[in-house]
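The next block is coords_22.txt, given as compact mmCIF, C-alpha atoms.
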# COMPACT_ATOMS: atom_id res chain seq x y z
CA MET A 1 0.00 0.00 0.00
CA ASP A 2 2.96 2.34 0.51
CA LYS A 3 3.41 3.80 -2.96
CA GLU A 4 6.00 6.45 -2.17
CA VAL A 5 9.08 6.49 -4.41
CA ALA A 6 12.20 8.31 -3.25
CA THR A 7 12.97 10.29 -6.40
CA ALA A 8 11.37 11.32 -9.67
CA ALA A 9 14.17 9.56 -11.56
CA GLN A 10 13.24 6.27 -9.89
CA ALA A 11 9.56 6.88 -10.60
CA VAL A 12 10.09 7.15 -14.39
CA VAL A 13 12.86 4.58 -14.78
CA ASP A 14 10.72 2.08 -16.73
CA ILE A 15 9.16 4.51 -19.21
CA ARG A 16 10.46 3.33 -22.55
CA ASP A 17 10.75 5.03 -25.93
CA ALA A 18 7.44 5.30 -27.83
CA ALA A 19 5.38 4.93 -24.64
CA THR A 20 2.02 6.68 -24.37
CA LEU A 21 1.61 9.20 -21.59
CA ALA A 22 -1.41 11.09 -20.21
CA VAL A 23 -0.40 14.32 -18.50
CA GLY A 24 -2.52 16.45 -16.18
CA GLY A 25 -2.61 20.20 -15.79
CA PHE A 26 -4.66 23.12 -17.02
CA GLY A 27 -2.63 25.95 -18.53
CA LEU A 28 0.34 26.20 -16.17
CA GLY A 29 -1.68 25.03 -13.15
CA GLY A 30 -1.20 21.54 -11.80
CA VAL A 31 1.43 20.56 -14.36
CA PRO A 32 3.71 17.70 -13.15
CA ASN A 33 6.90 19.57 -14.05
CA VAL A 34 9.20 17.52 -11.81
CA LEU A 35 8.22 14.22 -13.42
CA ILE A 36 8.40 15.74 -16.90
CA LYS A 37 11.92 17.01 -16.18
CA ALA A 38 12.94 13.57 -14.91
CA LEU A 39 11.66 11.97 -18.11
CA TYR A 40 13.54 14.57 -20.16
CA GLU A 41 16.76 13.80 -18.27
CA ARG A 42 16.21 10.09 -18.85
CA GLY A 43 16.26 10.75 -22.60
CA THR A 44 13.01 8.97 -23.44
CA SER A 45 11.76 9.82 -26.95
CA GLY A 46 9.07 9.00 -29.51
CA LEU A 47 6.37 9.64 -26.92
CA GLY A 48 2.65 9.67 -27.61
CA VAL A 49 1.26 12.36 -25.31
CA VAL A 50 -2.34 12.94 -24.29
CA SER A 51 -2.91 16.29 -22.58
CA ASN A 52 -5.17 19.32 -22.76
CA ASN A 53 -2.22 21.32 -24.13
CA CYS A 54 1.45 20.74 -24.77
CA GLY A 55 3.04 23.17 -22.35
CA ALA A 56 3.89 26.85 -22.50
CA MET A 57 6.65 29.28 -21.55
CA ASP A 58 9.34 26.59 -21.86
CA SER A 59 7.78 24.57 -19.05
CA GLY A 60 5.76 21.39 -18.74
CA LEU A 61 5.50 19.32 -21.90
CA ALA A 62 7.11 22.16 -23.86
CA VAL A 63 10.44 20.88 -22.47
CA LEU A 64 9.96 17.49 -24.15
CA LEU A 65 8.45 19.05 -27.26
CA ALA A 66 11.36 21.43 -27.87
CA ALA A 67 13.79 18.53 -27.51
CA GLY A 68 11.99 16.53 -30.20
CA ARG A 69 10.96 13.80 -27.77
CA ILE A 70 7.25 13.82 -28.65
CA ALA A 71 5.99 12.03 -31.77
CA ARG A 72 2.24 12.44 -31.35
CA VAL A 73 -0.09 14.70 -29.35
CA THR A 74 -3.74 14.14 -28.58
CA GLY A 75 -5.14 17.36 -27.15
CA SER A 76 -7.61 20.17 -27.50
CA TYR A 77 -5.58 23.38 -27.32
CA ILE A 78 -2.43 24.70 -28.99
CA GLY A 79 -2.69 28.18 -27.48
CA ALA A 80 0.40 30.37 -27.60
CA ASN A 81 2.86 27.50 -27.94
CA LYS A 82 4.61 28.60 -31.14
CA GLU A 83 6.94 25.58 -31.20
CA PHE A 84 3.95 23.26 -31.02
CA ALA A 85 2.37 25.05 -33.99
CA ARG A 86 5.66 25.10 -35.92
CA GLN A 87 6.31 21.36 -35.53
CA TYR A 88 2.72 20.54 -36.46
CA LEU A 89 2.67 22.67 -39.62
CA ALA A 90 6.15 21.48 -40.61
CA GLY A 91 5.08 17.85 -40.52
CA GLU A 92 7.39 16.99 -37.63
CA LEU A 93 4.57 16.16 -35.22
CA GLU A 94 1.34 14.22 -35.49
CA VAL A 95 -1.54 16.00 -33.75
CA GLU A 96 -5.09 14.88 -33.04
CA LEU A 97 -7.12 17.91 -31.97
CA ILE A 98 -10.49 17.10 -30.43
CA PRO A 99 -13.12 19.07 -28.47
CA GLN A 100 -12.04 19.67 -24.88
CA GLY A 101 -15.10 18.03 -23.35
CA THR A 102 -14.65 15.00 -25.58
CA LEU A 103 -11.02 14.70 -24.51
CA ALA A 104 -12.05 14.82 -20.86
CA GLU A 105 -14.69 12.13 -21.33
CA ARG A 106 -12.39 9.89 -23.39
CA LEU A 107 -9.89 9.93 -20.52
CA ARG A 108 -12.56 9.33 -17.89
CA ALA A 109 -14.13 6.52 -19.91
CA GLY A 110 -10.75 4.83 -20.23
CA GLY A 111 -10.34 4.85 -16.47
CA CYS A 112 -13.88 3.50 -15.95
CA GLY A 113 -13.48 0.61 -18.38
CA ILE A 114 -15.90 2.07 -20.93
CA PRO A 115 -14.56 1.32 -24.43
CA ALA A 116 -16.51 4.00 -26.31
CA PHE A 117 -19.42 6.42 -26.04
CA TYR A 118 -21.64 8.61 -28.19
CA THR A 119 -21.57 12.42 -28.01
CA PRO A 120 -23.23 15.18 -30.08
CA ALA A 121 -20.01 17.22 -30.07
CA GLY A 122 -18.52 17.26 -33.55
CA VAL A 123 -21.51 15.97 -35.52
CA GLY A 124 -21.61 17.61 -38.95
CA THR A 125 -17.95 18.61 -38.82
CA GLN A 126 -14.63 17.01 -39.77
CA ILE A 127 -14.51 15.56 -36.25
CA ALA A 128 -17.16 13.09 -37.39
CA GLU A 129 -16.74 13.16 -41.16
CA GLY A 130 -12.95 12.84 -41.18
CA GLY A 131 -10.34 14.84 -43.03
CA LEU A 132 -8.77 16.73 -40.12
CA PRO A 133 -5.01 17.05 -40.70
CA TRP A 134 -3.22 14.79 -38.24
CA ARG A 135 0.14 15.27 -39.94
CA TYR A 136 1.24 17.69 -42.65
CA ASP A 137 3.83 16.80 -45.27
CA GLY A 138 5.94 19.91 -44.66
CA GLU A 139 4.94 21.45 -47.98
CA GLY A 140 1.41 22.53 -47.14
CA GLY A 141 -0.26 19.23 -47.96
CA VAL A 142 -1.82 16.70 -45.61
CA ALA A 143 0.13 13.48 -45.10
CA ILE A 144 -2.28 11.83 -42.63
CA ALA A 145 -5.92 12.81 -42.14
CA SER A 146 -8.39 11.70 -39.52
CA PRO A 147 -10.73 8.87 -40.54
CA PRO A 148 -14.53 9.20 -40.47
CA LYS A 149 -16.29 8.10 -37.31
CA GLU A 150 -19.53 6.23 -36.79
CA VAL A 151 -22.58 8.49 -36.46
CA ARG A 152 -25.85 7.19 -35.05
CA ALA A 153 -29.22 8.70 -34.22
CA PHE A 154 -30.80 8.43 -30.77
CA ASP A 155 -34.28 9.89 -30.26
CA GLY A 156 -33.91 11.94 -33.42
CA THR A 157 -30.51 13.43 -32.52
CA GLN A 158 -27.23 12.55 -34.23
CA TYR A 159 -24.26 11.42 -32.14
CA VAL A 160 -20.68 10.52 -33.04
CA LEU A 161 -18.90 7.51 -31.56
CA GLU A 162 -15.72 8.34 -29.64
CA HIS A 163 -13.30 5.74 -28.30
CA SER A 164 -11.91 5.94 -24.78
CA ILE A 165 -8.24 6.61 -24.10
CA ARG A 166 -5.86 4.39 -22.16
CA THR A 167 -2.16 5.17 -21.89
CA ASP A 168 0.87 3.26 -20.68
CA PHE A 169 1.66 5.88 -18.03
CA ALA A 170 0.19 9.06 -16.56
CA PHE A 171 1.78 12.02 -14.77
CA VAL A 172 -0.25 14.18 -12.39
CA ARG A 173 0.40 16.83 -9.76
CA ALA A 174 -1.64 17.10 -6.56
CA ALA A 175 -1.76 19.70 -3.82
CA LYS A 176 -2.01 17.00 -1.17
CA GLY A 177 -1.75 13.23 -1.09
CA ASP A 178 -0.94 10.29 1.14
CA ARG A 179 1.33 7.28 0.69
CA HIS A 180 -1.63 5.17 -0.42
CA GLY A 181 -2.07 7.45 -3.46
CA ASN A 182 -5.24 9.28 -2.39
CA LEU A 183 -5.04 12.77 -3.91
CA VAL A 184 -6.51 16.24 -3.47
CA PHE A 185 -6.25 18.90 -6.20
CA ASN A 186 -6.45 22.67 -5.89
CA LYS A 187 -9.08 24.59 -7.87
CA SER A 188 -8.58 24.45 -11.69
CA THR A 189 -5.77 21.90 -11.35
CA ARG A 190 -8.61 19.44 -10.79
CA ASN A 191 -9.84 19.93 -14.37
CA PHE A 192 -7.63 17.32 -16.06
CA ASN A 193 -5.39 15.77 -13.40
CA PRO A 194 -7.93 13.22 -12.09
CA LEU A 195 -8.93 12.26 -15.63
CA ALA A 196 -5.34 11.79 -16.78
CA ALA A 197 -4.65 9.70 -13.67
CA MET A 198 -7.62 7.45 -14.42
CA ALA A 199 -6.47 6.82 -17.99
CA GLY A 200 -2.95 5.67 -17.14
CA ARG A 201 -2.18 2.01 -16.56
CA ILE A 202 0.67 3.17 -14.31
CA THR A 203 -0.02 6.58 -12.80
CA ILE A 204 2.70 8.59 -11.05
CA ALA A 205 1.75 11.52 -8.84
CA GLU A 206 4.00 14.32 -7.63
CA VAL A 207 2.56 15.73 -4.42
CA GLU A 208 3.16 19.16 -2.92
CA GLN A 209 2.18 18.03 0.58
CA LEU A 210 2.54 14.34 1.48
CA VAL A 211 0.65 13.21 4.59
CA GLU A 212 0.12 9.92 6.35
CA PRO A 213 -2.78 7.63 5.39
CA GLY A 214 -5.90 8.62 7.28
CA GLU A 215 -4.99 12.30 7.55
CA ILE A 216 -7.15 13.22 4.56
CA ASP A 217 -10.89 13.20 5.22
CA PRO A 218 -12.42 10.66 2.81
CA ASP A 219 -14.96 13.29 1.73
CA GLU A 220 -12.09 15.57 0.62
CA ILE A 221 -10.40 13.03 -1.67
CA HIS A 222 -10.73 13.93 -5.35
CA LEU A 223 -8.99 10.82 -6.68
CA PRO A 224 -8.83 7.52 -4.77
CA GLY A 225 -5.52 5.72 -4.52
CA ILE A 226 -6.70 2.79 -6.64
CA PHE A 227 -5.86 4.90 -9.69
CA VAL A 228 -2.32 5.78 -8.49
CA GLN A 229 0.66 3.40 -8.48
CA ARG A 230 3.56 5.70 -7.49
CA VAL A 231 3.85 8.86 -5.39
CA ILE A 232 6.78 11.25 -4.98
CA ALA A 233 6.91 14.03 -2.39
CA LEU A 234 8.07 17.41 -3.71
CA THR A 235 10.51 19.58 -1.83
CA VAL A 236 9.33 22.96 -0.58
CA GLU A 237 11.22 24.63 -3.43
CA GLN A 238 9.65 22.34 -6.04
CA ALA A 239 6.17 22.81 -4.61
CA CYS A 240 6.53 26.61 -4.67
CA ASP A 241 8.00 26.79 -8.17
CA LYS A 242 4.93 27.98 -10.07
CA GLN A 243 4.73 30.26 -13.08
CA ILE A 244 2.13 32.75 -14.27
CA GLU A 245 1.31 32.47 -17.97
CA GLN A 246 -0.25 35.92 -18.41
CA ARG A 247 0.32 38.67 -15.91
CA THR A 248 -1.93 41.73 -16.01
CA VAL A 249 -0.90 44.76 -13.99
CA SER A 250 -3.21 47.72 -13.68
CA VAL A 251 -1.84 51.24 -13.56
CA PRO A 252 -2.91 52.90 -10.30
CA ARG A 253 -4.78 56.15 -10.69
CA ALA A 254 -3.63 59.17 -8.74
CA ARG A 255 -5.90 59.80 -5.80
CA GLU A 256 -8.17 62.70 -6.51
CA SER A 257 -8.13 65.49 -3.98
CA VAL A 258 -11.34 66.05 -2.12
CA HIS A 259 -12.50 69.61 -1.52
CA HIS A 260 -14.97 70.37 1.23
Transcribe the structure of this file into structure tokens.
Amino acid sequence: MDKEVATAAQAVVDIRDAATLAVGGFGLGGVPNVLIKALYERGTSGLGVVSNNCGAMDSGLAVLLAAGRIARVTGSYIGANKEFARQYLAGELEVELIPQGTLAERLRAGGCGIPAFYTPAGVGTQIAEGGLPWRYDGEGGVAIASPPKEVRAFDGTQYVLEHSIRTDFAFVRAAKGDRHGNLVFNKSTRNFNPLAAMAGRITIAEVEQLVEPGEIDPDEIHLPGIFVQRVIALTVEQACDKQIEQRTVSVPRARESVHH
């Protein structure tokens, strides 16, 4: 039951080249940067990554992406990651872009043992009809396009069949956890971390605050330990190392004088 691993390097030691990896995080929040760095230092390449986005500001998955370690991305958001866009358009990277809600449900379904499900999202578009560029040829043409998906009517409404996602490994970051793998996430970091954890056959969690089993109220647990196989405790410095993607600073107005 004690799933604690001493170091991040030990936690990722068996992740081989071409492995598939689900990664939690939302924007820069809740991104398992320590585990990603350990995998980068290990030199693993040819990865198939499933994540909402592929990192930003030279952090998170952007570290692996810039090093050419990622072969395929399944996600829903490119955002301001210019290197992600460049590799995709240059034909260096295969990318499957899908609606964000569909991505979330495909991960959740994988963790629940549901092989596929129907959703109205994407009906009447290339999501269902096929033809979305998965890989470009580097000259403006499409080398690999998405195939058409099954569409079926229920009660007069069309739905597209989406397959669940299971990956070899998953990386997540939690605000609190115990050595049994029970995890608690903070605010928007809960958006994709639990889902990524459910999809991984071997899920590794980096935890900002590691406590003893029983110290977390069962009603506060966001992800039960059955979905987590390895836990590493972050140092204070690692736990506090958090970036802000977009900082907005308002210009203070001079206080107006009041005349009586």
Original post:
Within 7 Å of range 67-74 of chain A, counting all atoms listed in the file, which residues qualify if same-chain residues fewer than 2 places away don't, as a PyMOL selection string?
Top reply: chain A and resi 44-51+63-65+93-97
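Interatomic distance, CA of Asn52 in chain A to CA of Gly130 in chain A: 21.0 Å.
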**OP:** Report the distance between CA of Asn191 in chain A and CA of Gly24 in chain A in Å, rounded to one decimal place.
**Re:** 8.3 Å
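Proximity to Tyr136 in chain A was assessed for A:Val231, A:Leu39, A:Ala121, A:Leu89 counting only C-alpha atoms; the smallest distance is recorded for A:Leu89.
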**OP:** For each of A:Ala153, A:Gly30, A:Ile36, A:Ala199, take the minimum atom-to-atom distance to Val184 in chain A, counting only C-alpha atoms, then give the residue where this is smallest.
**Re:** A:Gly30
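Distance annotation: of A:Thr157, A:Arg42, A:Phe192, A:Arg135, the residue with the minimal separation from Arg106 in chain A is A:Phe192; atom set is only C-alpha atoms.
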**OP:** Return the single residue from A:Glu92, A:Glu162, A:Glu105, A:Asp58 that is closest to Ile127 in chain A, with distances computed using all atoms listed in the file.
**Re:** A:Glu162
Can you tell me which residues surround range 204-216 of chain A at a distance of at most 6 Å, considering all atoms listed in the file, apart from same-chain residues fewer than 5 positions away, and format the answer as a compact mmCIF listing (two decimals) with C-alpha atoms, keeping the file's coordinate frame?
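Final file, selection-v1.txt:
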# COMPACT_ATOMS: atom_id res chain seq x y z
CA PHE A 171 1.78 12.02 -14.77
CA VAL A 172 -0.25 14.18 -12.39
CA ARG A 173 0.40 16.83 -9.76
CA ALA A 174 -1.64 17.10 -6.56
CA ALA A 175 -1.76 19.70 -3.82
CA LYS A 176 -2.01 17.00 -1.17
CA GLY A 177 -1.75 13.23 -1.09
CA ASP A 178 -0.94 10.29 1.14
CA ARG A 230 3.56 5.70 -7.49
CA VAL A 231 3.85 8.86 -5.39
CA ILE A 232 6.78 11.25 -4.98
CA ALA A 233 6.91 14.03 -2.39
CA LEU A 234 8.07 17.41 -3.71
CA ALA A 239 6.17 22.81 -4.61
Subject >> Separation of CA of Ala109 in chain A from CA of Asp14 in chain A, in Å and rounded to one decimal >> reply: 25.4 Å
Could you add N, CA, C and O atoms to range 26-43 of chain A and give me the result as a CSV table (one decimal), in the frame of the given file?
chain,number,residue,atom,x,y,z
A,26,PHE,N,-3.7,22.2,-16.3
A,26,PHE,CA,-4.7,23.1,-17.0
A,26,PHE,C,-4.0,24.5,-17.1
A,26,PHE,O,-3.8,25.2,-16.2
A,27,GLY,N,-3.5,24.8,-18.4
A,27,GLY,CA,-2.6,26.0,-18.5
A,27,GLY,C,-1.3,25.6,-17.9
A,27,GLY,O,-0.7,24.6,-18.1
A,28,LEU,N,-0.9,26.5,-16.9
A,28,LEU,CA,0.3,26.2,-16.2
A,28,LEU,C,0.0,25.6,-14.8
A,28,LEU,O,0.9,25.3,-14.0
A,29,GLY,N,-1.3,25.5,-14.5
A,29,GLY,CA,-1.7,25.0,-13.2
A,29,GLY,C,-1.7,23.5,-13.1
A,29,GLY,O,-2.3,22.8,-13.9
A,30,GLY,N,-1.1,23.0,-12.0
A,30,GLY,CA,-1.2,21.5,-11.8
A,30,GLY,C,-0.4,20.7,-12.8
A,30,GLY,O,-0.7,19.5,-13.0
A,31,VAL,N,0.6,21.3,-13.4
A,31,VAL,CA,1.4,20.6,-14.4
A,31,VAL,C,2.5,19.8,-13.6
A,31,VAL,O,3.2,20.4,-12.8
A,32,PRO,N,2.7,18.5,-13.8
A,32,PRO,CA,3.7,17.7,-13.2
A,32,PRO,C,5.1,18.0,-13.7
A,32,PRO,O,5.7,17.1,-14.3
A,33,ASN,N,5.6,19.1,-13.5
A,33,ASN,CA,6.9,19.6,-14.0
A,33,ASN,C,8.1,18.7,-13.6
A,33,ASN,O,9.0,18.5,-14.4
A,34,VAL,N,8.1,18.3,-12.3
A,34,VAL,CA,9.2,17.5,-11.8
A,34,VAL,C,9.3,16.2,-12.5
A,34,VAL,O,10.4,15.7,-12.9
A,35,LEU,N,8.2,15.5,-12.7
A,35,LEU,CA,8.2,14.2,-13.4
A,35,LEU,C,8.6,14.4,-14.9
A,35,LEU,O,9.3,13.6,-15.5
A,36,ILE,N,8.1,15.5,-15.5
A,36,ILE,CA,8.4,15.7,-16.9
A,36,ILE,C,9.9,16.0,-17.1
A,36,ILE,O,10.5,15.5,-18.0
A,37,LYS,N,10.5,16.8,-16.1
A,37,LYS,CA,11.9,17.0,-16.2
A,37,LYS,C,12.7,15.7,-16.0
A,37,LYS,O,13.7,15.5,-16.7
A,38,ALA,N,12.3,14.8,-15.1
A,38,ALA,CA,12.9,13.6,-14.9
A,38,ALA,C,12.9,12.7,-16.2
A,38,ALA,O,13.9,12.0,-16.5
A,39,LEU,N,11.8,12.7,-16.9
A,39,LEU,CA,11.7,12.0,-18.1
A,39,LEU,C,12.5,12.6,-19.2
A,39,LEU,O,13.2,11.8,-20.0
A,40,TYR,N,12.6,13.9,-19.2
A,40,TYR,CA,13.5,14.6,-20.2
A,40,TYR,C,15.0,14.2,-19.9
A,40,TYR,O,15.7,13.8,-20.8
A,41,GLU,N,15.4,14.2,-18.6
A,41,GLU,CA,16.8,13.8,-18.3
A,41,GLU,C,17.1,12.3,-18.6
A,41,GLU,O,18.2,12.0,-18.8
A,42,ARG,N,16.0,11.5,-18.5
A,42,ARG,CA,16.2,10.1,-18.8
A,42,ARG,C,16.5,9.9,-20.3
A,42,ARG,O,17.1,8.9,-20.7
A,43,GLY,N,16.0,10.8,-21.2
A,43,GLY,CA,16.3,10.8,-22.6
A,43,GLY,C,15.2,10.0,-23.4
A,43,GLY,O,15.4,9.7,-24.6
